[in-house]
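J.: This is the structure I have questions about; it appears just below.
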Amino acid sequence: MNRAEREAAVRRIMERVPPPVPPELYGEVVRRGTRMLRRRTLARRLMWLLLCAATVAFLVWALMARPWVEPPSQTTPPYTGW
Amino acid sequence: MRQRQASQGARRAREFEAFVAGAAGRLLHAATLLTAEAPDDNPRARRLLTLALAHTYACWDRLRGEDPYDRTRQYLATRFARAAWHQYGGFGRARPHPGSPLARLAPQERLILVLRLYEGVAEEQTAALLGLPAERVGTICDRATATLLHPPREPARTVAGPKVAPS
C-alpha cells in the first residue's frame with residue numbers, strides 16, 4: 001500500500017458520517033459575533049476617551065507648572081539696591 | 001449615512017448567511033473529527049464552530065479579499081490546539097467517544113490529520129499554523145495514518161472471575 005492509497009483510505013474513514021448541522025447555529029453565531037463587535041467598539045471608544053483625557057490633563061498641567069521656564073536661582077540672592 | 005450603513009449591514013448579513021450555509025456542514029464535520037465526538041452528539045464541536053464563525057463574523061468587514069473559509073479554519077485549528085492540552089489532559093476530562101473514527105488518536109495527531117488529509121492544507125502551511133517544523137508535521141501525519149489503518153491490538157484483558165490458585 002503506497003502513500004496515496006493510504007491517504008485515500010484515511011480520507012474515506014474520516015468522511016464516513018457527516019454530522020447534521022443544528023438549525024440554531026446561525027442565530028447563535030450572529031448573536032455572539034454582534035456581541036464581540038459591540039465590545040470591540042466599546043473598547044475602542046474607551047481607549048480614545050482615555051487618550052483625550054490624558055492629553056487634556058497634560059496640557060493643563062503644563063500650562064500651570066510651566067516646566068520650560070527657568071526656575072529662580074536658589075544659591076545667588078537676587079541683586080537689589082545698587 | 002444611516003441608510004447607507006443599514007444597507008451595508010443587510011448586504012453583509014446576506015453574504016455571511018450564504019457563507020455559513022455553504023461552509024457550516026464541512027466545518028462542523030472537521031470540528032467533530034477534532035474533538036472525537038459522536039456525529040450526532042457533539043456539543044464541544046458545535047461550541048468550537050460557533051466561536052470560530054462568530055470570530056469570522058466580527059472581522060467580516062476587514063477580510064479584504066481573504067478567504068473567509070480559510071480564516072475560520074485557521075481560528076478553529078489554533079483554538080483547538082490551545083484548548084486541547086487542558087481539555088484532554090488529566091483525569092475525568094473529555095474522553096474520545098468510541099463512535100468517532102479518530103478516537104484512538106491523540107489530539108495533536110487528530111488536528112494534523114484533519115488539516116492535512118481532510119481539509120487538504122499543505123504541509124508547510126500546517127506547520128506554520130501550528131508553529132512546528134514541517135518534518136515533524138509529516139512524521140506525525142504518517143504515524144497517525146499508520147495507527148488509523150493498522151490499529152494496535154488491544155492489550156490482553158485479564159479474565160474476570162476468581163483465579164484458581166495452583167495448589
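Labeling convention for the C-alpha cells: chains A, B, ... as they appear, residues from 1 per chain, ligands from 1 in order of appearance.
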Could you give me, as CSV, a per-residue list for chain A showing, wherever an atom lies at most 12 Å from an atom of chain B, the closest pair of atoms and their distance in Å to one decimal, using only C-alpha atoms and sorting by chain then residue number from low to high?

T.:
residue,atom,partner,partner_atom,distance
A:Met1,CA,B:Leu149,CA,10.8
A:Asn2,CA,B:Asp142,CA,11.7
A:Arg3,CA,B:Asp142,CA,9.0
A:Ala4,CA,B:Leu117,CA,10.8
A:Glu5,CA,B:Thr145,CA,11.0
A:Arg6,CA,B:Thr145,CA,7.3
A:Glu7,CA,B:Leu117,CA,6.9
A:Ala8,CA,B:Leu117,CA,8.5
A:Ala9,CA,B:Leu149,CA,7.9
A:Val10,CA,B:Thr145,CA,6.7
A:Arg11,CA,B:Tyr118,CA,6.1
A:Arg12,CA,B:Tyr118,CA,9.2
A:Ile13,CA,B:Pro101,CA,6.7
A:Met14,CA,B:Pro101,CA,6.4
A:Glu15,CA,B:Tyr118,CA,7.8
A:Arg16,CA,B:Pro101,CA,8.4
A:Val17,CA,B:Pro39,CA,6.7
A:Pro18,CA,B:His29,CA,5.7
A:Pro19,CA,B:Pro39,CA,4.5
A:Pro20,CA,B:Asp40,CA,6.9
A:Val21,CA,B:Gly25,CA,5.9
A:Pro22,CA,B:Arg46,CA,8.5
A:Pro23,CA,B:Ala21,CA,10.2
A:Glu24,CA,B:Thr50,CA,10.3
A:Leu25,CA,B:Thr50,CA,6.9
A:Tyr26,CA,B:Val20,CA,7.2
A:Gly27,CA,B:Thr50,CA,9.8
A:Glu28,CA,B:Thr50,CA,7.1
A:Val29,CA,B:Ala54,CA,4.9
A:Val30,CA,B:Ala54,CA,6.5
A:Arg31,CA,B:Ala54,CA,8.0
A:Arg32,CA,B:Ala54,CA,5.7
A:Gly33,CA,B:Ala54,CA,4.2
A:Thr34,CA,B:Ala58,CA,6.9
A:Arg35,CA,B:Ala58,CA,8.7
A:Met36,CA,B:Ala58,CA,6.4
A:Leu37,CA,B:Ala58,CA,5.5
A:Arg38,CA,B:Ala58,CA,9.2
A:Arg39,CA,B:Ala58,CA,10.4
A:Arg40,CA,B:Ala58,CA,9.1
A:Thr41,CA,B:Ala58,CA,10.9

J.: Determine, counting only C-alpha atoms, which protein, DNA and RNA residues have an atom within 10 Å of an atom of B:Thr126; residues of the same chain fewer than 6 positions away are not included. Present the result as a ChimeraX atom specification.

T.: /B:74,77,111-112,115-116,120,132-134,137-138

J.: Using the selection just defined, write its residues with C-alpha atoms as a PDB file, in the first residue's frame.

T.:
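Output below, filename result.pdb:
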ATOM      1  CA  GLN B  74      -7.319  28.758  10.980  1.00  0.00           C
ATOM      2  CA  ALA B  77      -7.426  24.892  14.432  1.00  0.00           C
ATOM      3  CA  LEU B 111      -5.518  18.030  14.394  1.00  0.00           C
ATOM      4  CA  ILE B 112      -2.733  17.374  11.915  1.00  0.00           C
ATOM      5  CA  LEU B 115      -5.808  19.628   8.462  1.00  0.00           C
ATOM      6  CA  ARG B 116      -3.569  17.671   6.128  1.00  0.00           C
ATOM      7  CA  GLY B 120      -6.074  19.274   2.252  1.00  0.00           C
ATOM      8  CA  LEU B 132       6.027  23.165  14.240  1.00  0.00           C
ATOM      9  CA  PRO B 133       8.770  22.184  11.801  1.00  0.00           C
ATOM     10  CA  ALA B 134       7.408  20.756   8.539  1.00  0.00           C
ATOM     11  CA  VAL B 137       4.154  17.532  10.759  1.00  0.00           C
ATOM     12  CA  GLY B 138       4.984  14.923   8.127  1.00  0.00           C
TER      13      GLY B 138
END

J.: Considering only alpha helix (DSSP H) as DSSP defines it on the backbone, what residues of stretch 6-74 of chain A qualify? List them as a ChimeraX atom specification.

T.: /A:6-14,25-65

J.: As an exercise, work out the distance from atom CA of B:Pro96 to atom CA of B:Glu37 in Å and give it to one decimal place.

T.: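 About the pair atom CA of B:Pro96 and atom CA of B:Glu37: they are 6.2 Å apart.
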
J.: Could you work out how far atom CA of B:Leu130 lies from atom CA of B:Leu34, giving the answer in Å with one decimal?

T.: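 So the answer is 14.5 Å.
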